[in-house]
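Comments concern the structure below.
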Amino acid sequence: MRIGIIGAGHAGIEAAMAARNAGAEVALFSAEPVLPYFRPRLVGVAMGITAPEAIAFHPAAWYQDRGIDLHMGAPVTALDVAARTVIANGGTERFDAMVLACGATPRMAPVCCTTPGSPIFTLWSMADALQIRQRVRPGARLVMIGGSSLGVESALTACGQQVQVTIVEGLPRLFPQLLGSGAAVFLRQQLESRAIVVRTGHAVASLAPHGDGVRVELAGGAICEAELAMICIGARSNLELAQQAGLATAQGVCTDDCLQAAEGVFVAGDVCQAAGRLPRGAVREAMAQGRMAGANAVAFATGGQLQAFVPMQSPMTLRAAGVEIVAIGQASGLVEERLPDGAAGTYRAVTRHTDGSLAGVQMIGTREGFDELAAQIGGLRVCRT
Ligand SMILES: Cc1cc2nc3c(=O)[nH]c(=O)nc-3n(C[C@H](O)[C@H](O)[C@H](O)COP(=O)(O)OP(=O)(O)OC[C@H]3O[C@@H](n4cnc5c(N)ncnc54)[C@H](O)[C@@H]3O)c2cc1C
């Protein structure tokens, strides 16, 4: 029995392990030319703190020892769902079942006018991180477009490297989905106390290379010049391969409860829209789906029973330059209720629906009581951190 897995990120690796442990032969196709790695740690690589090789999941021998046939730098260019074949590296391979785990691609600002080699970056792959790393040095100025988790984490990490950071966020506050208004103000103070300039409520009118650096014009006319800019405004699922293969897509590739998109084709991670639920963009969910998709691929190939995936939500946690944030649930458009603080420099809050039920929990500088509160949010299977 042969299982083919497209994408060797968090979901793909877990799928490979699950299929291998169930006795399948596994071929794992990775578009990237490097050993599969822990994607969130790209921030440390980009900012020159972490060596690129330190973030690999496993050394090359690990795959060999387990008989996982890892094809690096081998993007799958075509998928035939009915025949269950893929084309990669110019060759065609057939499988008994497949897992599509090809992740997401960062969004680019529509006003961005960039040219090859210009210092305007997104941060999603090892190649992105290595390019940013070449530009990061003490005293350099960095404009961060986007004030959500990746932008704030990258800004804090850069600031720890003596980079002068300006965060530009189009919405009126930082982390608008996850932090209530008070928590966002508290976070802003934490960033400003570390000399990070925060400009919320400022849309970017234009972003373009300028000399050796970049020039950002904000709506209203203010100008920021810097040695580099990063665009951290979210990501979209990689749907092209699935669409070309005729699979149904919406924001992700549509699957049933068992993560199956077509007979013998399972989907996991950032590319997966399971039973109508939008892709979450979170490591723990990608891993859990990967494990389930790998196990279900083997079950399909051996005539076994498919298992349904039970959605979960893991808290967003961020730790950088002495700032720690943990949040879960919804905050956007809801009333925030501040809880009594413990130590100085901490902030604890919850958000509630209009019927008074708990919608979200947000903490900065502490996580006292977080798990207990998160467990009270209705309809969430919370994965503890
Ligand atoms: C810098 C950064 C920080 C993050 N921090 C956090 C965090 O703190 N917490 C958290 O929960 N989440 C975080 N995320 C999000 C998290 O990394 C993703 O949700 C997770 O990686 C999704 O796993 P995945 O396996 O679905 O996709 P990915 O990890 O993106 O892996 C998909 C792989 O498939 C490959 N691929 C694409 N197309 C093809 C093809 N045609 N053929 C072969 N291979 C292909 C891609 O190149 C990629 O290597 C972060 C993301 C980034 C970029």
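Scheme for the structure tokens: letters A, B, ... for chains in order shown; per-chain residue numbers from 1; ligand numbers from 1 in order shown.
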**Message:** Neighbouring residues of Phe186 (chain A) were defined as those with any atom within 9 Å, considering only C-alpha atoms; residues of the same chain fewer than 5 positions away were excluded. Please report them as a count of residues only.
**Reply:** 6
**Residues near Arg236 (chain A), cut-off 12 Å, only C-alpha atoms, skip fewer than 5 positions along chain, as a PyMOL selection string** = chain A and resi 102-108+124+250-253+269-273+278-281
**Message:** For Asp212 (chain A), find every residue with an atom within 8 Å (counting only C-alpha atoms), except residues of its own chain fewer than 6 positions away, and show them as number ranges by chain.
**Reply:** A: 118-119, 227
**Item:** Distance of atom 21 (O, counted along the ligand's line) of ligand 1 from CA of Gln189 (chain A), expressed in Å to one decimal place
**Value:** 29.7 Å
Could you pull out the residues in region 223-361 of chain A that DSSP calls alpha helix (DSSP H) from the backbone, as a PDB file with all heavy atoms, in the first residue's frame?
ATOM      1  N   GLU A 240      -4.425  26.158  -6.064  1.00  0.00           N
ATOM      2  CA  GLU A 240      -4.273  25.984  -7.518  1.00  0.00           C
ATOM      3  C   GLU A 240      -4.262  24.504  -7.922  1.00  0.00           C
ATOM      4  O   GLU A 240      -4.949  24.113  -8.864  1.00  0.00           O
ATOM      5  CB  GLU A 240      -2.990  26.671  -8.015  1.00  0.00           C
ATOM      6  CG  GLU A 240      -2.991  28.202  -7.854  1.00  0.00           C
ATOM      7  CD  GLU A 240      -2.754  28.668  -6.422  1.00  0.00           C
ATOM      8  OE1 GLU A 240      -2.451  27.820  -5.551  1.00  0.00           O
ATOM      9  OE2 GLU A 240      -2.896  29.878  -6.164  1.00  0.00           O
ATOM     10  N   LEU A 241      -3.488  23.698  -7.204  1.00  0.00           N
ATOM     11  CA  LEU A 241      -3.368  22.282  -7.575  1.00  0.00           C
ATOM     12  C   LEU A 241      -4.729  21.589  -7.460  1.00  0.00           C
ATOM     13  O   LEU A 241      -5.131  20.823  -8.351  1.00  0.00           O
ATOM     14  CB  LEU A 241      -2.351  21.619  -6.641  1.00  0.00           C
ATOM     15  CG  LEU A 241      -1.879  20.224  -7.007  1.00  0.00           C
ATOM     16  CD1 LEU A 241      -1.149  20.224  -8.345  1.00  0.00           C
ATOM     17  CD2 LEU A 241      -0.949  19.689  -5.900  1.00  0.00           C
ATOM     18  N   ALA A 242      -5.440  21.869  -6.370  1.00  0.00           N
ATOM     19  CA  ALA A 242      -6.752  21.240  -6.149  1.00  0.00           C
ATOM     20  C   ALA A 242      -7.741  21.690  -7.221  1.00  0.00           C
ATOM     21  O   ALA A 242      -8.533  20.892  -7.733  1.00  0.00           O
ATOM     22  CB  ALA A 242      -7.261  21.611  -4.766  1.00  0.00           C
ATOM     23  N   GLN A 243      -7.696  22.977  -7.548  1.00  0.00           N
ATOM     24  CA  GLN A 243      -8.638  23.494  -8.552  1.00  0.00           C
ATOM     25  C   GLN A 243      -8.367  22.870  -9.916  1.00  0.00           C
ATOM     26  O   GLN A 243      -9.281  22.471 -10.626  1.00  0.00           O
ATOM     27  CB  GLN A 243      -8.551  25.021  -8.619  1.00  0.00           C
ATOM     28  CG  GLN A 243      -9.234  25.654  -7.425  1.00  0.00           C
ATOM     29  CD  GLN A 243      -8.954  27.142  -7.268  1.00  0.00           C
ATOM     30  OE1 GLN A 243      -8.009  27.673  -7.869  1.00  0.00           O
ATOM     31  NE2 GLN A 243      -9.763  27.820  -6.463  1.00  0.00           N
ATOM     32  N   GLN A 244      -7.080  22.786 -10.234  1.00  0.00           N
ATOM     33  CA  GLN A 244      -6.689  22.172 -11.512  1.00  0.00           C
ATOM     34  C   GLN A 244      -7.143  20.698 -11.570  1.00  0.00           C
ATOM     35  O   GLN A 244      -7.506  20.196 -12.634  1.00  0.00           O
ATOM     36  CB  GLN A 244      -5.169  22.263 -11.554  1.00  0.00           C
ATOM     37  CG  GLN A 244      -4.464  21.923 -12.810  1.00  0.00           C
ATOM     38  CD  GLN A 244      -2.982  21.725 -12.455  1.00  0.00           C
ATOM     39  OE1 GLN A 244      -2.554  20.608 -12.173  1.00  0.00           O
ATOM     40  NE2 GLN A 244      -2.223  22.796 -12.434  1.00  0.00           N
ATOM     41  N   VAL A 283      -0.669  25.739  13.914  1.00  0.00           N
ATOM     42  CA  VAL A 283       0.163  24.539  13.887  1.00  0.00           C
ATOM     43  C   VAL A 283      -0.549  23.333  14.493  1.00  0.00           C
ATOM     44  O   VAL A 283      -0.556  22.243  13.924  1.00  0.00           O
ATOM     45  CB  VAL A 283       1.475  24.819  14.650  1.00  0.00           C
ATOM     46  CG1 VAL A 283       2.182  23.538  15.025  1.00  0.00           C
ATOM     47  CG2 VAL A 283       2.382  25.696  13.813  1.00  0.00           C
ATOM     48  N   ARG A 284      -1.139  23.511  15.660  1.00  0.00           N
ATOM     49  CA  ARG A 284      -1.723  22.345  16.343  1.00  0.00           C
ATOM     50  C   ARG A 284      -2.866  21.742  15.550  1.00  0.00           C
ATOM     51  O   ARG A 284      -3.033  20.534  15.504  1.00  0.00           O
ATOM     52  CB  ARG A 284      -2.188  22.727  17.745  1.00  0.00           C
ATOM     53  CG  ARG A 284      -1.038  22.745  18.712  1.00  0.00           C
ATOM     54  CD  ARG A 284      -1.445  23.364  20.021  1.00  0.00           C
ATOM     55  NE  ARG A 284      -0.313  23.419  20.906  1.00  0.00           N
ATOM     56  CZ  ARG A 284      -0.068  22.525  21.864  1.00  0.00           C
ATOM     57  NH1 ARG A 284      -0.883  21.519  22.056  1.00  0.00           N
ATOM     58  NH2 ARG A 284       0.999  22.648  22.631  1.00  0.00           N
ATOM     59  N   GLU A 285      -3.660  22.597  14.931  1.00  0.00           N
ATOM     60  CA  GLU A 285      -4.769  22.051  14.137  1.00  0.00           C
ATOM     61  C   GLU A 285      -4.214  21.351  12.894  1.00  0.00           C
ATOM     62  O   GLU A 285      -4.694  20.287  12.502  1.00  0.00           O
ATOM     63  CB  GLU A 285      -5.759  23.144  13.741  1.00  0.00           C
ATOM     64  CG  GLU A 285      -6.870  22.577  12.874  1.00  0.00           C
ATOM     65  CD  GLU A 285      -8.241  23.146  13.143  1.00  0.00           C
ATOM     66  OE1 GLU A 285      -8.517  23.551  14.277  1.00  0.00           O
ATOM     67  OE2 GLU A 285      -9.039  23.187  12.200  1.00  0.00           O
ATOM     68  N   ALA A 286      -3.192  21.948  12.271  1.00  0.00           N
ATOM     69  CA  ALA A 286      -2.589  21.316  11.090  1.00  0.00           C
ATOM     70  C   ALA A 286      -2.041  19.934  11.455  1.00  0.00           C
ATOM     71  O   ALA A 286      -2.219  18.964  10.721  1.00  0.00           O
ATOM     72  CB  ALA A 286      -1.466  22.201  10.535  1.00  0.00           C
ATOM     73  N   MET A 287      -1.397  19.842  12.615  1.00  0.00           N
ATOM     74  CA  MET A 287      -0.824  18.553  13.030  1.00  0.00           C
ATOM     75  C   MET A 287      -1.926  17.528  13.294  1.00  0.00           C
ATOM     76  O   MET A 287      -1.840  16.374  12.860  1.00  0.00           O
ATOM     77  CB  MET A 287       0.034  18.742  14.289  1.00  0.00           C
ATOM     78  CG  MET A 287       1.289  19.547  14.024  1.00  0.00           C
ATOM     79  SD  MET A 287       2.174  19.957  15.538  1.00  0.00           S
ATOM     80  CE  MET A 287       2.831  18.358  15.969  1.00  0.00           C
ATOM     81  N   ALA A 288      -2.968  17.961  13.990  1.00  0.00           N
ATOM     82  CA  ALA A 288      -4.057  17.022  14.312  1.00  0.00           C
ATOM     83  C   ALA A 288      -4.747  16.555  13.029  1.00  0.00           C
ATOM     84  O   ALA A 288      -5.062  15.369  12.880  1.00  0.00           O
ATOM     85  CB  ALA A 288      -5.051  17.699  15.251  1.00  0.00           C
ATOM     86  N   GLN A 289      -4.961  17.481  12.112  1.00  0.00           N
ATOM     87  CA  GLN A 289      -5.583  17.077  10.837  1.00  0.00           C
ATOM     88  C   GLN A 289      -4.656  16.164  10.044  1.00  0.00           C
ATOM     89  O   GLN A 289      -5.098  15.216   9.408  1.00  0.00           O
ATOM     90  CB  GLN A 289      -5.925  18.312   9.995  1.00  0.00           C
ATOM     91  CG  GLN A 289      -7.119  19.082  10.538  1.00  0.00           C
ATOM     92  CD  GLN A 289      -7.524  20.216   9.619  1.00  0.00           C
ATOM     93  OE1 GLN A 289      -6.755  20.629   8.750  1.00  0.00           O
ATOM     94  NE2 GLN A 289      -8.720  20.728   9.816  1.00  0.00           N
ATOM     95  N   GLY A 290      -3.361  16.472  10.080  1.00  0.00           N
ATOM     96  CA  GLY A 290      -2.395  15.637   9.365  1.00  0.00           C
ATOM     97  C   GLY A 290      -2.442  14.199   9.860  1.00  0.00           C
ATOM     98  O   GLY A 290      -2.489  13.257   9.078  1.00  0.00           O
ATOM     99  N   ARG A 291      -2.447  14.052  11.192  1.00  0.00           N
ATOM    100  CA  ARG A 291      -2.498  12.695  11.774  1.00  0.00           C
ATOM    101  C   ARG A 291      -3.761  11.967  11.316  1.00  0.00           C
ATOM    102  O   ARG A 291      -3.721  10.807  10.917  1.00  0.00           O
ATOM    103  CB  ARG A 291      -2.488  12.768  13.315  1.00  0.00           C
ATOM    104  CG  ARG A 291      -1.113  12.984  13.889  1.00  0.00           C
ATOM    105  CD  ARG A 291      -1.109  12.783  15.404  1.00  0.00           C
ATOM    106  NE  ARG A 291      -1.832  13.811  16.125  1.00  0.00           N
ATOM    107  CZ  ARG A 291      -1.320  14.990  16.472  1.00  0.00           C
ATOM    108  NH1 ARG A 291      -0.087  15.291  16.155  1.00  0.00           N
ATOM    109  NH2 ARG A 291      -2.032  15.867  17.141  1.00  0.00           N
ATOM    110  N   MET A 292      -4.878  12.712  11.350  1.00  0.00           N
ATOM    111  CA  MET A 292      -6.158  12.089  10.973  1.00  0.00           C
ATOM    112  C   MET A 292      -6.178  11.757   9.480  1.00  0.00           C
ATOM    113  O   MET A 292      -6.639  10.681   9.072  1.00  0.00           O
ATOM    114  CB  MET A 292      -7.290  13.060  11.333  1.00  0.00           C
ATOM    115  CG  MET A 292      -8.665  12.601  10.986  1.00  0.00           C
ATOM    116  SD  MET A 292      -9.184  11.197  11.978  1.00  0.00           S
ATOM    117  CE  MET A 292      -9.428  11.929  13.582  1.00  0.00           C
ATOM    118  N   ALA A 293      -5.671  12.676   8.659  1.00  0.00           N
ATOM    119  CA  ALA A 293      -5.686  12.442   7.207  1.00  0.00           C
ATOM    120  C   ALA A 293      -4.792  11.254   6.843  1.00  0.00           C
ATOM    121  O   ALA A 293      -5.158  10.422   6.001  1.00  0.00           O
ATOM    122  CB  ALA A 293      -5.221  13.700   6.467  1.00  0.00           C
ATOM    123  N   GLY A 294      -3.627  11.156   7.503  1.00  0.00           N
ATOM    124  CA  GLY A 294      -2.721  10.030   7.228  1.00  0.00           C
ATOM    125  C   GLY A 294      -3.367   8.706   7.621  1.00  0.00           C
ATOM    126  O   GLY A 294      -3.321   7.718   6.875  1.00  0.00           O
ATOM    127  N   ALA A 295      -4.001   8.691   8.798  1.00  0.00           N
ATOM    128  CA  ALA A 295      -4.656   7.459   9.268  1.00  0.00           C
ATOM    129  C   ALA A 295      -5.834   7.113   8.358  1.00  0.00           C
ATOM    130  O   ALA A 295      -6.052   5.936   8.018  1.00  0.00           O
ATOM    131  CB  ALA A 295      -5.120   7.646  10.707  1.00  0.00           C
ATOM    132  N   ASN A 296      -6.604   8.118   7.952  1.00  0.00           N
ATOM    133  CA  ASN A 296      -7.760   7.852   7.084  1.00  0.00           C
ATOM    134  C   ASN A 296      -7.328   7.404   5.686  1.00  0.00           C
ATOM    135  O   ASN A 296      -8.013   6.606   5.048  1.00  0.00           O
ATOM    136  CB  ASN A 296      -8.671   9.077   6.999  1.00  0.00           C
ATOM    137  CG  ASN A 296      -9.612   9.162   8.197  1.00  0.00           C
ATOM    138  OD1 ASN A 296      -9.739   8.195   8.954  1.00  0.00           O
ATOM    139  ND2 ASN A 296     -10.274  10.293   8.370  1.00  0.00           N
ATOM    140  N   ALA A 297      -6.195   7.918   5.215  1.00  0.00           N
ATOM    141  CA  ALA A 297      -5.699   7.477   3.904  1.00  0.00           C
ATOM    142  C   ALA A 297      -5.402   5.975   3.946  1.00  0.00           C
ATOM    143  O   ALA A 297      -5.745   5.222   3.027  1.00  0.00           O
ATOM    144  CB  ALA A 297      -4.442   8.267   3.524  1.00  0.00           C
ATOM    145  N   VAL A 298      -4.781   5.535   5.048  1.00  0.00           N
ATOM    146  CA  VAL A 298      -4.485   4.100   5.187  1.00  0.00           C
ATOM    147  C   VAL A 298      -5.793   3.317   5.329  1.00  0.00           C
ATOM    148  O   VAL A 298      -5.974   2.257   4.704  1.00  0.00           O
ATOM    149  CB  VAL A 298      -3.559   3.855   6.406  1.00  0.00           C
ATOM    150  CG1 VAL A 298      -3.399   2.360   6.664  1.00  0.00           C
ATOM    151  CG2 VAL A 298      -2.204   4.501   6.155  1.00  0.00           C
ATOM    152  N   ALA A 299      -6.709   3.837   6.118  1.00  0.00           N
ATOM    153  CA  ALA A 299      -8.000   3.140   6.293  1.00  0.00           C
ATOM    154  C   ALA A 299      -8.691   2.992   4.941  1.00  0.00           C
ATOM    155  O   ALA A 299      -9.242   1.929   4.621  1.00  0.00           O
ATOM    156  CB  ALA A 299      -8.879   3.916   7.276  1.00  0.00           C
ATOM    157  N   PHE A 300      -8.657   4.048   4.152  1.00  0.00           N
ATOM    158  CA  PHE A 300      -9.282   3.972   2.815  1.00  0.00           C
ATOM    159  C   PHE A 300      -8.617   2.873   1.979  1.00  0.00           C
ATOM    160  O   PHE A 300      -9.287   2.046   1.361  1.00  0.00           O
ATOM    161  CB  PHE A 300      -9.153   5.325   2.105  1.00  0.00           C
ATOM    162  CG  PHE A 300      -9.638   5.273   0.685  1.00  0.00           C
ATOM    163  CD1 PHE A 300     -10.977   5.470   0.369  1.00  0.00           C
ATOM    164  CD2 PHE A 300      -8.742   4.998  -0.349  1.00  0.00           C
ATOM    165  CE1 PHE A 300     -11.426   5.385  -0.945  1.00  0.00           C
ATOM    166  CE2 PHE A 300      -9.176   4.909  -1.664  1.00  0.00           C
ATOM    167  CZ  PHE A 300     -10.524   5.108  -1.962  1.00  0.00           C
ATOM    168  N   ALA A 301      -7.298   2.881   1.989  1.00  0.00           N
ATOM    169  CA  ALA A 301      -6.557   1.948   1.134  1.00  0.00           C
ATOM    170  C   ALA A 301      -6.730   0.492   1.575  1.00  0.00           C
ATOM    171  O   ALA A 301      -6.573  -0.421   0.774  1.00  0.00           O
ATOM    172  CB  ALA A 301      -5.072   2.327   1.135  1.00  0.00           C
ATOM    173  N   THR A 302      -7.056   0.299   2.865  1.00  0.00           N
ATOM    174  CA  THR A 302      -7.172  -1.077   3.370  1.00  0.00           C
ATOM    175  C   THR A 302      -8.629  -1.469   3.631  1.00  0.00           C
ATOM    176  O   THR A 302      -8.888  -2.514   4.239  1.00  0.00           O
ATOM    177  CB  THR A 302      -6.376  -1.213   4.687  1.00  0.00           C
ATOM    178  OG1 THR A 302      -6.834  -0.198   5.593  1.00  0.00           O
ATOM    179  CG2 THR A 302      -4.890  -1.069   4.467  1.00  0.00           C
TER     180      THR A 302
END
**Item:** Selected residue of minimal separation from Gln376 (chain A) among A:Thr157, A:Gln131, A:Ser357, A:Thr249, counting only C-alpha atoms
**Value:** A:Ser357
**Request:** Per DSSP on the backbone, filter region 30-259 of chain A down to the residues in strand (DSSP E) and report them as number ranges by chain.
**Result:** A: 68-71, 76-80, 85-88, 91-94, 97-100, 104-106, 120-121, 141-145, 164-169, 197-200, 204-210, 213-218, 223-226, 228-231, 235-237, 253-255
**Asked** Hey, which of A:Ala74, A:Cys258, A:Ile145, A:Val310 ends up closest to ligand 1? Count only C-alpha atoms and all ligand atoms.
**Response**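 Closest candidate: A:Ala74.
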Within 10 Å of Val45 (chain A), counting only C-alpha atoms, which residues qualify if same-chain residues fewer than 3 places away don't, as a PDB file with N, CA and C atoms, in the first residue's frame?
ATOM      1  N   PRO A  40       6.809  28.286  12.521  1.00  0.00           N
ATOM      2  CA  PRO A  40       6.821  29.484  13.376  1.00  0.00           C
ATOM      3  C   PRO A  40       8.222  29.958  13.753  1.00  0.00           C
ATOM      4  N   ARG A  41       9.183  29.055  13.758  1.00  0.00           N
ATOM      5  CA  ARG A  41      10.529  29.484  14.168  1.00  0.00           C
ATOM      6  C   ARG A  41      11.272  30.221  13.051  1.00  0.00           C
ATOM      7  N   LEU A  42      10.619  30.422  11.910  1.00  0.00           N
ATOM      8  CA  LEU A  42      11.225  31.243  10.846  1.00  0.00           C
ATOM      9  C   LEU A  42      11.483  32.667  11.334  1.00  0.00           C
ATOM     10  N   GLY A  48      17.945  36.666  12.555  1.00  0.00           N
ATOM     11  CA  GLY A  48      19.362  36.365  12.810  1.00  0.00           C
ATOM     12  C   GLY A  48      19.630  35.769  14.172  1.00  0.00           C
ATOM     13  N   ILE A  49      18.590  35.236  14.829  1.00  0.00           N
ATOM     14  CA  ILE A  49      18.775  34.678  16.171  1.00  0.00           C
ATOM     15  C   ILE A  49      18.986  33.169  16.111  1.00  0.00           C
ATOM     16  N   THR A  50      18.315  32.530  15.173  1.00  0.00           N
ATOM     17  CA  THR A  50      18.301  31.068  15.111  1.00  0.00           C
ATOM     18  C   THR A  50      18.972  30.612  13.823  1.00  0.00           C
ATOM     19  N   ALA A  51      19.812  29.582  13.919  1.00  0.00           N
ATOM     20  CA  ALA A  51      20.443  29.040  12.704  1.00  0.00           C
ATOM     21  C   ALA A  51      19.378  28.312  11.878  1.00  0.00           C
ATOM     22  N   PRO A  52      19.411  28.457  10.547  1.00  0.00           N
ATOM     23  CA  PRO A  52      18.377  27.814   9.717  1.00  0.00           C
ATOM     24  C   PRO A  52      18.254  26.322   9.981  1.00  0.00           C
ATOM     25  N   GLU A  53      19.393  25.637  10.157  1.00  0.00           N
ATOM     26  CA  GLU A  53      19.321  24.177  10.312  1.00  0.00           C
ATOM     27  C   GLU A  53      18.739  23.776  11.667  1.00  0.00           C
ATOM     28  N   ALA A  54      18.719  24.736  12.618  1.00  0.00           N
ATOM     29  CA  ALA A  54      18.221  24.397  13.963  1.00  0.00           C
ATOM     30  C   ALA A  54      16.711  24.218  13.982  1.00  0.00           C
ATOM     31  N   ILE A  55      16.025  24.635  12.935  1.00  0.00           N
ATOM     32  CA  ILE A  55      14.557  24.536  13.008  1.00  0.00           C
ATOM     33  C   ILE A  55      14.012  23.343  12.220  1.00  0.00           C
ATOM     34  N   MET A 126      11.439  29.316   4.217  1.00  0.00           N
ATOM     35  CA  MET A 126      12.848  29.457   4.582  1.00  0.00           C
ATOM     36  C   MET A 126      13.527  30.446   3.640  1.00  0.00           C
ATOM     37  N   ASP A 128      12.245  33.071   2.233  1.00  0.00           N
ATOM     38  CA  ASP A 128      11.896  34.434   2.693  1.00  0.00           C
ATOM     39  C   ASP A 128      12.768  34.809   3.889  1.00  0.00           C
ATOM     40  N   ALA A 129      12.859  33.877   4.857  1.00  0.00           N
ATOM     41  CA  ALA A 129      13.582  34.179   6.099  1.00  0.00           C
ATOM     42  C   ALA A 129      15.048  34.493   5.816  1.00  0.00           C
ATOM     43  N   LEU A 130      15.646  33.756   4.902  1.00  0.00           N
ATOM     44  CA  LEU A 130      17.071  33.974   4.616  1.00  0.00           C
ATOM     45  C   LEU A 130      17.294  35.317   3.923  1.00  0.00           C
ATOM     46  N   ILE A 132      15.401  38.028   4.400  1.00  0.00           N
ATOM     47  CA  ILE A 132      15.239  39.070   5.428  1.00  0.00           C
ATOM     48  C   ILE A 132      16.496  39.139   6.293  1.00  0.00           C
ATOM     49  N   ARG A 133      16.996  37.966   6.651  1.00  0.00           N
ATOM     50  CA  ARG A 133      18.180  37.864   7.511  1.00  0.00           C
ATOM     51  C   ARG A 133      19.364  38.675   6.956  1.00  0.00           C
TER      52      ARG A 133
END
